[in-house]
>>> print(open('my_file-v5.tsv').read())   # TSV, C-alpha atoms and all ligand atoms
chain	number	residue	atom	x	y	z
A	1	MET	CA	0.00	0.00	0.00
A	2	ILE	CA	1.43	3.42	-0.88
A	3	THR	CA	1.91	5.93	1.94
A	4	PRO	CA	-0.51	8.85	2.44
A	5	GLY	CA	2.32	11.25	1.52
A	6	THR	CA	2.93	9.49	-1.80
A	7	ALA	CA	-0.80	9.38	-2.52
A	8	LEU	CA	-1.16	13.10	-1.76
A	9	ARG	CA	1.86	14.06	-3.88
A	10	SER	CA	0.47	12.12	-6.87
A	11	ALA	CA	-3.02	13.59	-6.49
A	12	VAL	CA	-1.74	17.19	-6.34
A	13	GLU	CA	0.73	16.90	-9.21
A	14	TYR	CA	-1.84	15.14	-11.42
A	15	ALA	CA	-4.55	17.74	-10.83
A	16	LEU	CA	-2.42	20.92	-10.77
A	17	PRO	CA	-1.80	21.50	-14.53
A	18	GLN	CA	-5.43	20.73	-15.29
A	19	LEU	CA	-6.69	23.10	-12.60
A	20	LEU	CA	-4.51	25.89	-14.00
A	21	ARG	CA	-6.11	25.40	-17.44
A	22	ILE	CA	-9.57	26.16	-16.03
A	23	THR	CA	-10.52	29.76	-16.76
A	24	SER	CA	-11.34	32.18	-13.95
A	25	ALA	CA	-14.88	32.56	-15.35
A	26	THR	CA	-15.45	28.79	-15.20
A	27	ALA	CA	-13.91	28.63	-11.72
A	28	SER	CA	-16.34	31.30	-10.50
A	29	HIS	CA	-19.39	29.46	-11.79
A	30	ALA	CA	-21.41	27.15	-9.51
A	31	THR	CA	-23.55	24.48	-11.17
A	32	ALA	CA	-26.41	25.18	-8.72
A	33	PRO	CA	-27.24	28.03	-6.29
A	34	ASP	CA	-26.59	25.82	-3.24
A	35	LYS	CA	-23.28	24.43	-4.56
A	36	TRP	CA	-19.77	25.79	-4.20
A	37	CYS	CA	-18.06	27.07	-7.36
A	38	PRO	CA	-14.56	25.64	-8.11
A	39	LYS	CA	-12.90	28.64	-6.36
A	40	GLU	CA	-14.87	27.85	-3.21
A	41	ILE	CA	-14.10	24.13	-3.47
A	42	ILE	CA	-10.35	24.82	-3.68
A	43	GLY	CA	-10.83	27.31	-0.81
A	44	HIS	CA	-12.52	24.59	1.23
A	45	LEU	CA	-9.56	22.31	0.46
A	46	LEU	CA	-7.24	25.06	1.74
A	47	ASP	CA	-9.27	25.17	4.97
A	48	SER	CA	-9.04	21.39	5.18
A	49	ALA	CA	-5.26	21.63	4.67
A	50	ASN	CA	-4.96	24.31	7.33
A	51	ASN	CA	-7.01	22.42	9.93
A	52	ASN	CA	-5.55	19.00	9.19
A	53	LEU	CA	-1.91	20.11	9.19
A	54	ALA	CA	-2.42	21.18	12.83
A	55	ARG	CA	-4.07	17.82	13.59
A	56	PHE	CA	-1.25	15.84	11.98
A	57	VAL	CA	1.26	17.66	14.20
A	58	ARG	CA	-0.72	17.76	17.46
A	59	LEU	CA	-1.93	14.15	17.34
A	60	GLN	CA	1.62	12.80	17.21
A	61	SER	CA	1.92	13.54	20.93
A	62	THR	CA	-1.47	12.21	22.10
A	63	ASP	CA	-2.91	8.73	22.69
A	64	HIS	CA	-6.32	9.75	21.34
A	65	LEU	CA	-7.53	10.87	17.93
A	66	LEU	CA	-9.74	13.72	19.12
A	67	PHE	CA	-9.91	17.11	17.42
A	68	GLU	CA	-12.17	20.11	17.03
A	69	PRO	CA	-14.38	20.26	13.96
A	70	TYR	CA	-14.60	23.56	12.07
A	71	ALA	CA	-17.60	25.34	10.53
A	72	GLN	CA	-16.90	24.64	6.87
A	73	GLU	CA	-19.50	26.95	5.32
A	74	GLU	CA	-18.47	29.83	7.61
A	75	TRP	CA	-14.81	29.37	6.73
A	76	VAL	CA	-15.59	29.48	3.00
A	77	SER	CA	-17.85	32.55	3.17
A	78	ALA	CA	-15.63	34.47	5.65
A	79	GLN	CA	-12.71	34.23	3.23
A	80	ALA	CA	-14.76	35.18	0.13
A	81	TYR	CA	-13.04	32.56	-1.96
A	82	ALA	CA	-15.43	33.23	-4.86
A	83	ASP	CA	-13.79	36.69	-5.22
A	84	ALA	CA	-10.20	35.41	-5.02
A	85	ASP	CA	-7.78	35.07	-7.93
A	86	TRP	CA	-8.09	31.53	-9.33
A	87	SER	CA	-4.45	30.82	-10.17
A	88	GLU	CA	-3.31	32.27	-6.81
A	89	LEU	CA	-5.71	29.95	-5.00
A	90	VAL	CA	-4.61	26.92	-7.00
A	91	GLU	CA	-0.89	27.67	-6.52
A	92	LEU	CA	-1.41	28.17	-2.78
A	93	TRP	CA	-3.35	24.89	-2.58
A	94	ALA	CA	-0.57	23.01	-4.39
A	95	ARG	CA	2.22	24.55	-2.29
A	96	TYR	CA	0.40	24.01	0.99
A	97	ASN	CA	-0.22	20.38	0.10
A	98	ARG	CA	3.40	19.83	-0.95
A	99	HIS	CA	4.31	20.98	2.56
A	100	ILE	CA	1.75	18.56	4.04
A	101	VAL	CA	3.38	15.77	2.01
A	102	ARG	CA	6.67	16.62	3.77
A	103	VAL	CA	4.97	16.55	7.17
A	104	MET	CA	3.20	13.25	6.41
A	105	ASP	CA	6.49	11.66	5.35
A	106	LEU	CA	8.14	12.86	8.59
A	107	VAL	CA	5.66	11.20	10.98
A	108	PRO	CA	7.50	8.33	12.72
A	109	ASP	CA	5.93	4.86	12.67
A	110	GLU	CA	5.15	4.79	16.40
A	111	PRO	CA	2.70	7.74	16.49
A	112	ARG	CA	1.59	6.94	12.92
A	113	PHE	CA	0.35	3.42	13.73
A	114	ARG	CA	-0.46	3.90	17.45
A	115	PRO	CA	-4.00	2.50	17.98
A	116	ARG	CA	-6.38	5.33	18.96
A	117	LYS	CA	-9.20	3.78	20.98
A	118	GLU	CA	-10.52	7.23	21.86
A	119	HIS	CA	-11.42	9.06	18.67
A	120	CYS	CA	-13.92	11.44	17.08
A	121	PRO	CA	-17.12	9.91	15.65
A	122	LEU	CA	-16.18	8.43	12.31
A	123	GLY	CA	-18.67	10.05	9.97
A	124	SER	CA	-16.33	10.02	7.02
A	125	THR	CA	-16.16	7.23	4.48
A	126	TYR	CA	-13.19	8.49	2.51
A	127	ALA	CA	-10.71	5.96	3.92
A	128	PRO	CA	-11.56	2.39	4.93
A	129	LEU	CA	-11.04	1.76	8.63
A	130	PRO	CA	-8.21	-0.51	9.68
A	131	ALA	CA	-9.20	-4.19	10.04
A	132	ASP	CA	-9.59	-3.89	13.82
A	133	ASP	CA	-11.81	-0.77	13.47
A	134	ILE	CA	-9.39	1.23	15.62
A	135	PRO	CA	-8.20	4.29	13.69
A	136	THR	CA	-4.64	5.55	13.56
A	137	LEU	CA	-2.97	8.79	12.53
A	138	ASP	CA	-2.01	7.02	9.30
A	139	TRP	CA	-5.71	6.37	8.72
A	140	LEU	CA	-6.53	10.07	9.36
A	141	MET	CA	-3.91	11.11	6.81
A	142	ARG	CA	-5.37	8.69	4.22
A	143	ASP	CA	-8.80	10.10	4.98
A	144	TYR	CA	-7.47	13.60	4.27
A	145	VAL	CA	-6.32	12.47	0.80
A	146	GLY	CA	-9.67	10.77	0.15
A	147	HIS	CA	-11.53	13.96	1.07
A	148	LEU	CA	-9.28	16.01	-1.24
A	149	LYS	CA	-9.98	13.65	-4.17
A	150	HIS	CA	-13.71	13.70	-3.43
A	151	HIS	CA	-13.79	17.49	-3.85
A	152	LEU	CA	-11.52	17.49	-6.93
A	153	ARG	CA	-14.01	15.12	-8.57
A	154	GLN	CA	-16.76	17.67	-7.86
A	155	ILE	CA	-14.84	20.15	-10.02
A	156	ASP	CA	-14.12	17.61	-12.77
A	157	ALA	CA	-13.96	13.80	-12.63
A	158	GLY	CA	-10.88	13.95	-14.88
A	159	LEU	CA	-8.85	15.66	-12.15
A	160	VAL	CA	-8.51	12.38	-10.27
A	161	VAL	CA	-6.86	9.22	-11.59
A	201	NI	NI	-15.36	18.64	2.41
>>> encode(input="my_file-v5.tsv", output="structure tokens")
Amino acid sequence: MITPGTALRSAVEYALPQLLRITSATASHATAPDKWCPKEIIGHLLDSANNNLARFVRLQSTDHLLFEPYAQEEWVSAQAYADADWSELVELWARYNRHIVRVMDLVPDEPRFRPRKEHCPLGSTYAPLPADDIPTLDWLMRDYVGHLKHHLRQIDAGLVV
């Protein structure tokens, strides 16, 4: 099985040139009034990167896998991603995630695979749980990559291998 860092690196480098070919007009257009436009989706992925980087660092020194959720809609609207420059957003997303790849690769095996009996409710289905149903930090990092791919597919199915 490839590591979460390798999976994230591949996902970002595969999607990046295609994202940069999308025009700003297309990136500002939502397919429905209650849906995020591509700028807001990449903005949401920046918020996910921001929140999860802190989790990946903090949870190395805990026995649990507990963390604060964040108000996703509020984060997107407070930062007015729909008004941001598309290529700036995409470049920031790629660079931030390249840094997260570095951090993922640096996590030692002991905290990475430490069983976390105490954890947040597992509402996400992006990464399959380990066989014993006890999540690990490695699992949380895989889930992060799964969530990223889920949202890239919302922009265009061709952005994900
Ligand atoms: Ni999401």
>>> residues_around(input="my_file-v5.tsv", residues="region 27-42 of chain A", least_positions_apart="3", cutoff="10 Å", atoms="all atoms listed in the file", output="number ranges by chain")
A: 19, 22-24, 45-48, 73, 76-77, 79-87, 89-90, 92-94, 148, 151-152, 154-156
>>> closest_residue(input="my_file-v5.tsv", among="A:Val161, A:Ile134, A:Ala78, A:Val145", to="Pro121 (chain A)", atoms="only C-alpha atoms")
A:Ile134
>>> atom_distance(input="my_file-v5.tsv", atom1="CA of Tyr144 (chain A)", atom2="CA of Pro111 (chain A)")
16.9 Å
>>> residues_around(input="my_file-v5.tsv", residues="region 102-104 of chain A", least_positions_apart="6", cutoff="12 Å", atoms="only C-alpha atoms", output="PyMOL selection string")
chain A and resi 3-9+49+52-58+60+95-96+111-112+137-142+144-145
>>> write_last_selection(input="my_file-v5.tsv", atoms="C-alpha atoms", output="PDB file, in the coordinates of the input")
ATOM      1  CA  THR A   3       1.910   5.930   1.940  1.00  0.00           C
ATOM      2  CA  PRO A   4      -0.510   8.850   2.440  1.00  0.00           C
ATOM      3  CA  GLY A   5       2.320  11.250   1.520  1.00  0.00           C
ATOM      4  CA  THR A   6       2.930   9.490  -1.800  1.00  0.00           C
ATOM      5  CA  ALA A   7      -0.800   9.380  -2.520  1.00  0.00           C
ATOM      6  CA  LEU A   8      -1.160  13.100  -1.760  1.00  0.00           C
ATOM      7  CA  ARG A   9       1.860  14.060  -3.880  1.00  0.00           C
ATOM      8  CA  ALA A  49      -5.260  21.630   4.670  1.00  0.00           C
ATOM      9  CA  ASN A  52      -5.550  19.000   9.190  1.00  0.00           C
ATOM     10  CA  LEU A  53      -1.910  20.110   9.190  1.00  0.00           C
ATOM     11  CA  ALA A  54      -2.420  21.180  12.830  1.00  0.00           C
ATOM     12  CA  ARG A  55      -4.070  17.820  13.590  1.00  0.00           C
ATOM     13  CA  PHE A  56      -1.250  15.840  11.980  1.00  0.00           C
ATOM     14  CA  VAL A  57       1.260  17.660  14.200  1.00  0.00           C
ATOM     15  CA  ARG A  58      -0.720  17.760  17.460  1.00  0.00           C
ATOM     16  CA  GLN A  60       1.620  12.800  17.210  1.00  0.00           C
ATOM     17  CA  ARG A  95       2.220  24.550  -2.290  1.00  0.00           C
ATOM     18  CA  TYR A  96       0.400  24.010   0.990  1.00  0.00           C
ATOM     19  CA  PRO A 111       2.700   7.740  16.490  1.00  0.00           C
ATOM     20  CA  ARG A 112       1.590   6.940  12.920  1.00  0.00           C
ATOM     21  CA  LEU A 137      -2.970   8.790  12.530  1.00  0.00           C
ATOM     22  CA  ASP A 138      -2.010   7.020   9.300  1.00  0.00           C
ATOM     23  CA  TRP A 139      -5.710   6.370   8.720  1.00  0.00           C
ATOM     24  CA  LEU A 140      -6.530  10.070   9.360  1.00  0.00           C
ATOM     25  CA  MET A 141      -3.910  11.110   6.810  1.00  0.00           C
ATOM     26  CA  ARG A 142      -5.370   8.690   4.220  1.00  0.00           C
ATOM     27  CA  TYR A 144      -7.470  13.600   4.270  1.00  0.00           C
ATOM     28  CA  VAL A 145      -6.320  12.470   0.800  1.00  0.00           C
TER      29      VAL A 145
END
>>> closest_residue(input="my_file-v5.tsv", among="A:Arg114, A:Lys149, A:His119, A:His44", to="ligand NI 201 (chain A)", atoms="all atoms listed in the file")
A:His44
>>> residues_around(input="my_file-v5.tsv", residues="Glu68 (chain A)", least_positions_apart="3", cutoff="10 Å", atoms="all atoms listed in the file", output="PyMOL selection string")
chain A and resi 51+55+71+120
